[in-house]
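Asks: Dropping in run-v1.cif, with mmCIF, C-alpha atoms.
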```cif
data_structure
loop_
_atom_site.label_atom_id
_atom_site.label_comp_id
_atom_site.auth_asym_id
_atom_site.auth_seq_id
_atom_site.Cartn_x
_atom_site.Cartn_y
_atom_site.Cartn_z
CA MET A 1 34.52 61.82 11.95
CA ASP A 2 32.87 65.19 11.66
CA ALA A 3 35.12 67.88 10.18
CA ARG A 4 34.00 70.24 12.93
CA SER A 5 34.45 67.89 15.86
CA GLY A 6 37.21 67.96 18.40
CA SER A 7 36.89 64.58 20.02
CA GLY A 8 33.23 63.80 19.67
CA GLY A 9 30.99 66.10 17.68
CA ALA A 10 30.62 69.81 17.41
CA ASN A 11 28.26 72.44 16.30
CA ALA A 12 30.58 75.42 16.22
CA HIS A 13 29.51 78.45 14.26
CA PRO A 14 30.90 79.12 10.78
CA ALA A 15 32.37 82.41 9.64
CA ALA A 16 31.23 85.32 11.77
CA GLY A 17 28.15 86.98 10.36
CA ALA A 18 27.43 84.07 8.02
CA THR A 19 24.48 81.72 8.17
CA ARG A 20 24.20 77.97 7.77
CA GLY A 21 22.98 76.12 4.71
CA PHE A 22 26.10 75.38 2.65
CA ASP A 23 25.40 74.17 -0.87
CA LEU A 24 27.22 70.88 -1.44
CA ALA A 25 26.62 71.20 -5.17
CA ALA A 26 28.79 74.32 -5.15
CA LEU A 27 31.57 72.39 -3.47
CA LYS A 28 31.27 69.62 -6.06
CA ALA A 29 31.48 72.21 -8.81
CA ALA A 30 33.64 74.27 -6.82
CA PRO A 31 53.42 66.27 14.72
CA ARG A 32 50.54 64.11 13.30
CA GLY A 33 50.49 64.47 9.56
CA TRP A 34 54.15 65.35 9.01
CA SER A 35 54.47 62.43 6.59
CA LEU A 36 51.41 63.76 4.82
CA ARG A 37 52.88 67.23 4.46
CA GLN A 38 55.81 65.75 2.61
CA THR A 39 53.38 64.53 -0.07
CA LEU A 40 51.71 67.94 -0.46
CA ALA A 41 53.51 69.76 -3.25
CA PRO A 42 54.16 73.45 -2.54
CA GLY A 43 51.40 75.70 -3.83
CA VAL A 44 51.82 77.78 -6.97
CA GLN A 45 50.34 81.08 -8.07
CA ARG A 46 49.60 82.10 -11.65
CA VAL A 47 51.12 85.53 -12.29
CA GLY A 48 47.86 87.06 -13.55
CA PRO A 49 47.23 90.35 -11.68
CA LEU A 50 50.67 90.23 -10.06
CA GLY A 51 51.92 91.36 -13.44
CA GLU A 52 50.69 94.86 -12.53
CA ILE A 53 53.18 95.09 -9.67
CA PRO A 54 56.21 96.42 -11.63
CA ALA A 55 54.28 99.40 -13.01
CA LEU A 56 52.83 100.12 -9.56
CA LEU A 57 56.28 100.04 -7.97
CA ARG A 58 57.64 102.42 -10.60
CA GLU A 59 54.93 104.92 -9.66
CA PHE A 60 56.52 104.98 -6.20
CA GLY A 61 59.96 105.61 -7.71
CA LEU A 62 61.16 102.05 -7.02
CA ARG A 63 63.02 99.59 -9.22
CA PRO A 64 60.87 96.43 -9.57
CA SER A 65 63.94 94.24 -10.13
CA ASP A 66 65.23 95.13 -6.65
CA VAL A 67 62.00 94.12 -4.94
CA LEU A 68 61.68 90.96 -7.03
CA ARG A 69 65.25 89.97 -6.18
CA ARG A 70 64.57 90.35 -2.47
CA ALA A 71 61.54 88.10 -2.91
CA GLY A 72 63.74 85.46 -4.49
CA LEU A 73 62.26 85.96 -7.95
CA ALA A 74 63.87 86.63 -11.32
CA LYS A 75 63.50 90.17 -12.66
CA ASP A 76 61.27 88.88 -15.48
CA ALA A 77 59.17 86.58 -13.26
CA LEU A 78 56.03 88.70 -13.70
CA GLU A 79 56.25 89.44 -17.40
CA ASP A 80 54.06 86.53 -18.53
CA ARG A 81 50.55 86.42 -17.05
CA GLU A 82 50.46 82.68 -17.65
CA GLY A 83 53.68 82.18 -15.71
CA ARG A 84 53.71 80.43 -12.32
CA ILE A 85 55.59 81.34 -9.15
CA PRO A 86 55.62 79.65 -5.73
CA PHE A 87 52.58 80.64 -3.67
CA ALA A 88 54.72 81.53 -0.65
CA ASP A 89 56.96 83.72 -2.85
CA ALA A 90 53.88 85.61 -4.02
CA GLY A 91 53.06 86.35 -0.39
CA ARG A 92 56.60 87.45 0.35
CA LEU A 93 56.55 89.70 -2.73
CA LEU A 94 53.36 91.41 -1.58
CA ALA A 95 54.82 91.99 1.88
CA LEU A 96 58.02 93.42 0.42
CA CYS A 97 56.01 95.73 -1.85
CA ALA A 98 54.03 96.99 1.14
CA GLU A 99 57.27 97.61 3.02
CA ALA A 100 59.07 99.28 0.10
CA THR A 101 56.15 101.59 -0.71
CA ARG A 102 55.28 102.16 2.95
CA ARG A 103 51.70 101.34 2.03
CA GLU A 104 50.11 98.78 4.31
CA ASP A 105 47.19 98.74 1.88
CA PHE A 106 49.39 97.73 -1.07
CA GLY A 107 47.18 94.67 -1.64
CA LEU A 108 44.21 96.97 -2.18
CA LEU A 109 46.20 99.22 -4.51
CA LEU A 110 47.01 96.16 -6.59
CA ALA A 111 43.40 94.95 -6.50
CA SER A 112 42.20 98.31 -7.84
CA ARG A 113 43.95 97.45 -11.13
CA TRP A 114 42.37 94.03 -11.40
CA ARG A 115 40.27 92.98 -14.39
CA LEU A 116 38.59 89.71 -15.30
CA GLU A 117 41.10 89.23 -18.10
CA HIS A 118 43.77 88.72 -15.45
CA LEU A 119 42.22 85.31 -14.76
CA GLY A 120 42.99 83.93 -18.21
CA LEU A 121 40.79 80.99 -19.22
CA VAL A 122 38.99 81.14 -15.89
CA GLY A 123 38.05 84.75 -16.59
CA GLU A 124 36.87 83.85 -20.08
CA LEU A 125 34.65 81.15 -18.63
CA MET A 126 33.18 83.67 -16.22
CA VAL A 127 32.35 86.36 -18.78
CA THR A 128 30.58 83.86 -21.04
CA SER A 129 28.34 82.73 -18.17
CA GLN A 130 24.61 83.43 -18.20
CA THR A 131 24.40 85.18 -14.82
CA VAL A 132 26.56 86.56 -12.03
CA ALA A 133 25.78 83.43 -9.99
CA GLN A 134 27.00 81.09 -12.73
CA ALA A 135 30.16 83.16 -13.19
CA LEU A 136 30.98 83.04 -9.47
CA GLU A 137 30.25 79.31 -9.27
CA SER A 138 32.67 78.74 -12.14
CA PHE A 139 35.28 80.90 -10.44
CA ALA A 140 34.99 79.00 -7.15
CA SER A 141 35.13 75.59 -8.80
CA VAL A 142 38.23 76.13 -10.96
CA HIS A 143 40.14 78.78 -9.01
CA TRP A 144 42.67 76.12 -7.95
CA ILE A 145 43.99 76.17 -11.53
CA ASN A 146 45.30 79.69 -10.97
CA ALA A 147 46.30 79.43 -7.31
CA SER A 148 46.83 76.21 -5.37
CA GLY A 149 47.62 77.65 -1.95
CA GLY A 150 44.25 79.14 -1.05
CA ALA A 151 40.59 78.18 -1.39
CA VAL A 152 37.72 80.30 -2.72
CA PHE A 153 34.37 79.59 -1.08
CA LEU A 154 30.93 80.64 -2.24
CA ARG A 155 27.80 80.26 -0.16
CA ARG A 156 24.18 81.22 -0.70
CA HIS A 157 21.60 81.28 2.07
CA ASP A 158 18.26 83.00 1.72
CA ASP A 159 18.90 86.60 0.70
CA VAL A 160 22.64 86.71 1.53
CA THR A 161 25.58 85.38 -0.50
CA THR A 162 29.08 84.96 0.93
CA LEU A 163 32.22 85.04 -1.19
CA GLY A 164 35.45 84.39 0.66
CA TYR A 165 39.00 83.09 0.63
CA ALA A 166 41.06 80.92 2.97
CA ILE A 167 44.81 80.31 2.70
CA TYR A 168 45.91 76.76 3.49
CA GLU A 169 49.49 76.81 2.19
CA PRO A 170 51.68 75.15 4.88
CA GLY A 171 54.22 77.46 6.49
CA MET A 172 53.19 80.70 4.78
CA GLU A 173 54.38 83.20 7.38
CA VAL A 174 54.87 86.36 5.31
CA GLY A 175 52.40 88.31 3.21
CA VAL A 176 49.20 86.80 4.56
CA HIS A 177 47.78 90.25 5.40
CA GLN A 178 48.44 91.65 1.94
CA ALA A 179 47.19 88.47 0.26
CA TYR A 180 43.84 88.68 2.02
CA ASP A 181 43.62 92.41 1.26
CA MET A 182 44.28 91.78 -2.41
CA VAL A 183 41.88 88.85 -2.79
CA LEU A 184 38.98 90.59 -1.03
CA GLY A 185 39.70 93.68 -3.11
CA VAL A 186 39.61 91.50 -6.22
CA GLY A 187 36.26 90.14 -5.06
CA VAL A 188 34.80 93.64 -5.02
CA GLN A 189 36.31 94.49 -8.41
CA MET A 190 34.93 91.21 -9.76
CA MET A 191 31.41 92.03 -8.62
CA ARG A 192 31.63 95.55 -10.03
CA GLU A 193 32.73 94.21 -13.40
CA LEU A 194 30.21 91.36 -13.53
CA THR A 195 27.24 93.46 -12.42
CA GLY A 196 28.24 96.48 -14.47
CA ALA A 197 27.76 98.63 -11.36
CA ARG A 198 30.91 100.67 -10.74
CA GLN A 199 29.55 101.80 -7.39
CA TRP A 200 28.73 98.25 -6.21
CA VAL A 201 29.23 97.98 -2.45
CA PRO A 202 29.30 94.77 -0.36
CA LYS A 203 26.94 94.46 2.57
CA ARG A 204 29.70 93.17 4.85
CA VAL A 205 33.51 92.91 4.68
CA GLN A 206 35.70 91.05 7.14
CA LEU A 207 39.42 90.35 7.03
CA SER A 208 41.43 87.76 8.92
CA ARG A 209 44.29 90.16 9.60
CA PRO A 210 45.21 92.76 12.25
CA ARG A 211 43.63 96.19 12.18
CA PRO A 212 45.96 98.41 10.11
CA ALA A 213 47.42 101.66 11.42
CA SER A 214 45.03 103.53 9.11
CA VAL A 215 41.66 102.09 8.20
CA GLU A 216 40.69 104.95 5.89
CA PRO A 217 42.11 103.33 2.69
CA TYR A 218 40.00 100.25 3.45
CA ARG A 219 36.84 102.22 4.08
CA ARG A 220 37.46 104.18 0.91
CA PHE A 221 38.06 101.09 -1.22
CA PHE A 222 35.20 98.97 0.12
CA ARG A 223 32.99 102.07 0.59
CA GLY A 224 31.91 100.99 4.03
CA PRO A 225 33.13 99.64 7.38
CA VAL A 226 35.50 96.69 7.52
CA GLN A 227 35.81 94.15 10.34
CA PHE A 228 39.42 93.22 11.11
CA ASP A 229 40.72 90.39 13.32
CA ALA A 230 37.98 88.17 11.91
CA GLN A 231 37.85 84.37 11.88
CA SER A 232 37.74 84.37 8.09
CA SER A 233 38.09 86.71 5.12
CA LEU A 234 34.88 87.26 3.18
CA LEU A 235 32.41 89.56 1.48
CA GLN A 236 28.66 89.35 1.88
CA TYR A 237 26.08 90.88 -0.42
CA PRO A 238 22.34 90.64 -1.20
CA SER A 239 21.66 87.51 -3.27
CA ARG A 240 19.54 89.50 -5.74
CA PHE A 241 22.78 90.43 -7.52
CA ASN A 242 23.27 86.76 -8.46
CA SER A 243 20.42 86.83 -10.97
CA ILE A 244 21.85 89.71 -13.01
CA PRO A 245 22.38 88.49 -16.62
CA LEU A 246 25.79 89.12 -18.17
CA LYS A 247 25.88 91.15 -21.38
CA SER A 248 28.82 89.03 -22.57
CA ARG A 249 27.04 85.68 -22.05
CA ASP A 250 27.74 83.08 -24.72
CA GLU A 251 26.54 79.56 -23.93
CA THR A 252 28.36 77.90 -26.83
CA ARG A 253 31.66 79.45 -25.87
CA ARG A 254 31.04 78.77 -22.17
CA ARG A 255 30.48 75.07 -22.77
CA ALA A 256 33.62 74.82 -24.88
CA LEU A 257 35.70 76.52 -22.17
CA ALA A 258 34.13 74.40 -19.43
CA ALA A 259 35.03 71.23 -21.36
CA LEU A 260 38.58 72.47 -21.84
CA LEU A 261 39.04 73.25 -18.15
CA ALA A 262 37.37 70.00 -17.13
CA GLY A 263 40.29 68.20 -18.72
CA ARG A 264 42.55 69.50 -15.96
CA ARG A 265 42.55 67.29 -12.87
CA GLU A 266 43.49 68.44 -9.39
CA GLU A 267 45.61 65.95 -7.45
CA ILE A 268 43.72 64.31 -4.62
CA VAL A 269 45.87 65.41 -1.64
CA PRO A 270 45.95 69.16 -2.52
CA LYS A 271 42.27 68.96 -3.43
CA LEU A 272 41.37 67.48 -0.07
CA HIS A 273 43.41 70.15 1.74
CA ARG A 274 41.43 72.80 -0.11
CA MET A 275 38.09 71.18 0.59
CA VAL A 276 38.84 70.49 4.24
CA ARG A 277 39.71 74.18 4.71
CA ILE A 278 36.26 75.04 3.36
CA ALA A 279 34.66 72.31 5.46
CA LEU A 280 36.03 73.86 8.64
CA LEU A 281 34.09 77.00 7.78
CA PHE A 282 30.80 75.28 7.04
CA GLY A 283 30.64 72.18 9.23
CA LEU A 284 30.83 69.53 6.52
CA SER A 285 31.56 65.99 7.67
CA ALA A 286 34.08 63.55 6.22
CA ASP A 287 31.22 61.76 4.46
CA ASP A 288 30.04 65.07 2.98
CA LEU A 289 33.49 65.71 1.57
CA ALA A 290 33.81 62.22 0.16
CA ASP A 291 30.41 62.65 -1.48
CA ALA A 292 31.52 65.97 -2.95
CA MET A 293 34.50 64.13 -4.44
CA PHE A 294 32.14 61.47 -5.87
CA MET A 295 33.45 58.59 -3.77
CA SER A 296 32.78 56.88 -0.48
CA HIS A 297 34.70 57.75 2.69
CA ARG A 298 36.37 54.32 2.51
CA THR A 299 37.42 54.85 -1.11
CA LEU A 300 38.75 58.31 -0.27
CA ASN A 301 40.94 56.93 2.51
CA ARG A 302 42.12 54.08 0.28
CA ARG A 303 43.26 56.56 -2.36
CA LEU A 304 44.91 58.76 0.26
CA HIS A 305 46.68 55.70 1.67
CA ALA A 306 48.58 55.42 -1.60
CA PHE A 307 50.18 58.77 -0.69
CA GLY A 308 50.92 57.70 2.88
CA ALA A 309 48.02 59.78 4.18
CA ASN A 310 44.49 59.53 5.51
CA TYR A 311 41.59 61.90 6.12
CA ARG A 312 42.48 62.49 9.76
CA ASP A 313 46.04 63.47 8.80
CA VAL A 314 44.70 66.00 6.29
CA LEU A 315 42.24 67.41 8.80
CA GLN A 316 44.91 67.83 11.48
CA SER A 317 47.39 69.34 9.02
CA VAL A 318 44.86 71.93 7.80
CA ARG A 319 43.72 72.72 11.34
CA PHE A 320 47.31 73.25 12.47
CA GLU A 321 48.09 75.59 9.59
CA ALA A 322 44.85 77.54 10.02
CA SER A 323 45.36 77.82 13.78
CA ARG A 324 48.85 79.26 13.35
CA GLN A 325 47.60 81.83 10.85
CA LEU A 326 44.85 82.95 13.21
CA LEU A 327 47.18 83.03 16.21
CA ARG A 328 49.87 84.95 14.35
CA ASP A 329 47.77 87.25 12.18
CA THR A 330 44.81 88.15 14.41
CA SER A 331 44.18 88.97 18.04
CA LEU A 332 41.24 86.57 18.28
CA PRO A 333 40.89 84.84 21.65
CA VAL A 334 42.02 81.20 21.69
CA ALA A 335 38.43 80.13 22.36
CA ASP A 336 37.26 81.84 19.15
CA ILE A 337 40.04 80.20 17.17
CA ALA A 338 39.05 76.80 18.54
CA SER A 339 35.48 77.47 17.43
CA ALA A 340 36.61 78.60 13.98
CA LEU A 341 38.43 75.28 13.57
CA GLY A 342 35.43 73.20 14.50
CA TYR A 343 36.08 72.40 18.15
CA ALA A 344 33.08 72.32 20.48
CA GLU A 345 35.28 73.47 23.39
CA THR A 346 38.65 75.12 23.85
CA SER A 347 40.35 72.31 25.78
CA PRO A 348 40.38 69.74 22.91
CA PHE A 349 41.96 72.36 20.66
CA VAL A 350 44.63 73.20 23.25
CA ARG A 351 45.45 69.50 23.66
CA ALA A 352 45.66 69.03 19.89
CA PHE A 353 47.86 72.10 19.50
CA ARG A 354 50.21 70.72 22.16
CA ARG A 355 50.53 67.51 20.13
CA TRP A 356 51.28 69.47 16.98
CA SER A 357 53.73 71.99 18.42
CA ALA A 358 54.74 70.85 21.93
CA THR A 359 53.44 74.13 23.35
CA THR A 360 50.16 75.92 24.05
CA PRO A 361 48.42 78.21 21.55
CA GLN A 362 49.02 81.26 23.75
CA SER A 363 52.73 80.49 24.19
CA TRP A 364 53.09 79.87 20.46
CA ARG A 365 51.37 83.18 19.70
CA GLU A 366 53.67 85.12 22.03
CA ALA A 367 56.76 83.53 20.48
CA ALA A 368 55.48 84.11 16.92
CA VAL A 369 54.84 87.79 17.58
CA ALA A 370 58.26 88.22 19.18
CA GLU A 371 60.03 86.39 16.37
CA ARG A 372 57.88 87.57 13.46
CA PRO A 373 60.04 87.12 10.35
CA HIS A 374 61.25 90.31 8.70
CA VAL A 375 60.57 90.19 4.98
CA GLU A 376 63.67 92.18 4.06
CA ALA A 377 65.95 89.73 5.81
CA SER A 378 64.12 86.68 4.45
CA GLY A 379 64.37 87.92 0.90
CA ALA A 380 68.00 88.96 1.03
#
```
As structure tokens, what does this structure read like?

Replies:
Amino acid sequence: MDARSGSGGANAHPAAGATRGFDLAALKAAPRGWSLRQTLAPGVQRVGPLGEIPALLREFGLRPSDVLRRAGLAKDALEDREGRIPFADAGRLLALCAEATRREDFGLLLASRWRLEHLGLVGELMVTSQTVAQALESFASVHWINASGGAVFLRRHDDVTTLGYAIYEPGMEVGVHQAYDMVLGVGVQMMRELTGARQWVPKRVQLSRPRPASVEPYRRFFRGPVQFDAQSSLLQYPSRFNSIPLKSRDETRRRALAALLAGRREEIVPKLHRMVRIALLFGLSADDLADAMFMSHRTLNRRLHAFGANYRDVLQSVRFEASRQLLRDTSLPVADIASALGYAETSPFVRAFRRWSATTPQSWREAAVAERPHVEASGA
């Protein structure tokens, strides 16, 4: 079954503004399904850059412990960069920070303080790389070690490179806007640090979130226009930047770090969720994904069967989660959402959504907007 097909086959377009030609090598380096979802452990987030939040809150005259408590976190939860917190709690924390500071662009404020060292071993691997391209490929391939609720995707085609992020954490209803803001902001900071160009500017920026009340902070941060209400969250830039050599390159150290990180194995069900989310963006088939996981489609399903799952269950679970995010967090037409999820036409998507939720996408969207959870109440 093709990952972009509804009931037969499809040829829906990938992320808006992007071009075809996904590099499989980068992926290698880099109501149906409810039983499956029980086998998918909740995502976790390494503290890393979130450790800058307390100091940022204090600058606004706020007590970090109060905000952390409302997010369901201990007052010292962010003290250790190597610490882990639930992925959904990280989203709730970002939303609460935005609310408490009255800064819808809080994610960008946090991203402005980001440095490669916040990534720990992953950051060390990146700075020892030979080129910007090698550093980004390393980041995309092992990002799951730091955050297992969202997928980084990297794509090169002709003279344009795309770097993006897609959340696939089931049931994450709060903080999605701020999470995408922060991660895309981190992407810009990452490129500025890797290239050594403090004024580095992406060619294109798009965010899968509603247009904020004020777009000026976004234009100021990204130094250019930003597309909101997009099918996916990504940066695009001229591929010539990929060949820039890093001053900190150290092949001996890089190989040692790569070997160390290679010893960490991602569990098959979370890994497939991550890869399917990327596949929906780039039109990869089930066989493509199995190949990227170095096994046949039959072997993949046999291994999933041990967890009470199969490829179709994973595909439907990821599509359902992605569809709800796009319905809740953007104003994209249902037809565009169907296309973003790999359906050739809108009607198969509507039928599938009815099976998943017992209602139509439009009715679900209206109810979600009317009943949007309030972060203060959910963290009390």

Asks: Mind telling me what the PyMOL selection byres ((chain A and resi 146) around 9) catches here, as a ChimeraX atom specification?

Replies: /A:44-48,82,84,119-120,122,142-145,147-148

Asks: So how many Å separate atom CA of A:Phe60 and atom CA of A:Arg103, to one decimal?

Replies: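 That distance, rounded to one decimal, is 10.2 Å.
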
Asks: List the neighbours of stretch 110-118 of chain A out to 6 Å using all atoms listed in the file; skip same-chain residues closer than 3 positions along the sequence, and give me the result as a PDB file with C-alpha atoms, in the frame of the given file.

Replies:
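Dumped to out_29.pdb:
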```
ATOM      1  CA  GLY A  48      47.860  87.060 -13.550  1.00  0.00           C
ATOM      2  CA  PRO A  49      47.230  90.350 -11.680  1.00  0.00           C
ATOM      3  CA  GLY A 107      47.180  94.670  -1.640  1.00  0.00           C
ATOM      4  CA  GLY A 123      38.050  84.750 -16.590  1.00  0.00           C
ATOM      5  CA  MET A 182      44.280  91.780  -2.410  1.00  0.00           C
ATOM      6  CA  GLY A 185      39.700  93.680  -3.110  1.00  0.00           C
ATOM      7  CA  VAL A 186      39.610  91.500  -6.220  1.00  0.00           C
TER       8      VAL A 186
END
```

Asks: How many Å separate atom CA of A:Ala179 from atom CA of A:Leu272?

Replies: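 These two atoms are separated by 21.8 Å.
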
Asks: Could you jot down the atom CA of A:Val269 to atom CA of A:Gln325 separation for me, Å, one decimal place?

Replies: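 About the pair atom CA of A:Val269 and atom CA of A:Gln325: they are 20.7 Å apart.
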
Asks: Between A:Leu234, A:Leu281, A:Leu94, A:Leu304, which is the closest to A:Gly342 once you count all atoms listed in the file?

Replies: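 Of A:Leu234, A:Leu281, A:Leu94, A:Leu304, the one nearest A:Gly342 is A:Leu281, counting all atoms listed in the file.
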
Asks: Quick one: everything within 9 Å of stretch 246-262 of chain A, counting all atoms listed in the file, minus sequence neighbours fewer than 2 positions away in the same chain. Send it as a ChimeraX atom specification.

Replies: /A:121-122,124-132,135,138,142,145,194-196,244,264-265

Asks: Using all atoms listed in the file, which residue out of A:Thr360, A:Ser331, A:Val183, A:Ala71 lies closest to A:Leu96?

Replies: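 Counting all atoms listed in the file, the residue closest to A:Leu96 is A:Ala71.
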
Asks: Identify which of the residues A:Ala77, A:Glu173, A:Arg70, A:Asp336 lies closest to A:Ile53, counting all atoms listed in the file when measuring atom-to-atom distances.

Replies: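 The answer is A:Ala77, which sits nearest to A:Ile53.
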
Asks: Considering all atoms listed in the file, state which residue in the set A:Leu108, A:Arg319, A:Leu163, A:Leu73 is at the smallest distance from A:Arg219.

Replies: A:Leu108

Asks: For A:Arg211, find every residue with an atom within 12 Å (counting all atoms listed in the file), except residues of its own chain fewer than 5 positions away, and show them as a list of chain:residue names.

Replies: A:Glu104, A:Asp105, A:His177, A:Asp181, A:Gln206, A:Glu216, A:Pro217, A:Tyr218, A:Val226, A:Gln227, A:Phe228, A:Asp229, A:Ala230, A:Asp329, A:Thr330, A:Ser331, A:Leu332

Asks: Since we have the selection now, will you write its residues out, keeping C-alpha atoms, as a CSV table (one decimal), in the coordinates of the input?

Replies:
```
chain,number,residue,atom,x,y,z
A,104,GLU,CA,50.1,98.8,4.3
A,105,ASP,CA,47.2,98.7,1.9
A,177,HIS,CA,47.8,90.2,5.4
A,181,ASP,CA,43.6,92.4,1.3
A,206,GLN,CA,35.7,91.0,7.1
A,216,GLU,CA,40.7,105.0,5.9
A,217,PRO,CA,42.1,103.3,2.7
A,218,TYR,CA,40.0,100.2,3.4
A,226,VAL,CA,35.5,96.7,7.5
A,227,GLN,CA,35.8,94.2,10.3
A,228,PHE,CA,39.4,93.2,11.1
A,229,ASP,CA,40.7,90.4,13.3
A,230,ALA,CA,38.0,88.2,11.9
A,329,ASP,CA,47.8,87.2,12.2
A,330,THR,CA,44.8,88.2,14.4
A,331,SER,CA,44.2,89.0,18.0
A,332,LEU,CA,41.2,86.6,18.3
```

Asks: Counting all atoms listed in the file, figure out which residue out of A:Pro238, A:Pro361, A:Arg328, A:Ile268 gets nearest to A:Thr299.

Replies: A:Ile268

Asks: So which one's closest to A:Ser323, A:Arg102, A:Arg58, A:Arg365, A:Arg156? Using all atoms listed in the file, please.

Replies: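 Going through A:Arg102, A:Arg58, A:Arg365, A:Arg156 one by one, the smallest distance to A:Ser323 is for A:Arg365.
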
Asks: Please define a box with edges along x, y and z of the file around all atoms of stretch 134-144 of chain A given in the file, extend it by 6 Å on each side, and return its centre and edge lengths in Å to one decimal, as AutoDock Vina command-line options.

Replies:
```
--center_x 34.8 --center_y 79.4 --center_z -10.2 --size_x 27.7 --size_y 19.6 --size_z 18.0
```

Asks: Which residues are near A:Gly164? Cut-off 12 Å, only C-alpha atoms, ignore same chain within fewer than 4 positions. Put them as a ChimeraX atom specification.

Replies: /A:15-16,18,136,139-140,150-156,180-188,204-208,231-237,277-278,281

Asks: In the coordinates of the file, take the point (44.6, 75.1, 3.1) and a cut-off of 10 Å; then, counting only C-alpha atoms, name each qualifying protein, DNA or RNA residue as a list in words.

Replies: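 The residues that fall inside the cut-off are Gly43, Ser148, Gly149, Gly150, Ala151, Ala166, Ile167, Tyr168, Glu169, Pro170, Pro270, Lys271, Leu272, His273, Arg274, Met275, Val276, Arg277, Ile278, Val314, Leu315, Ser317, Val318, Arg319, Phe320, Glu321 and Ala322 of chain A.
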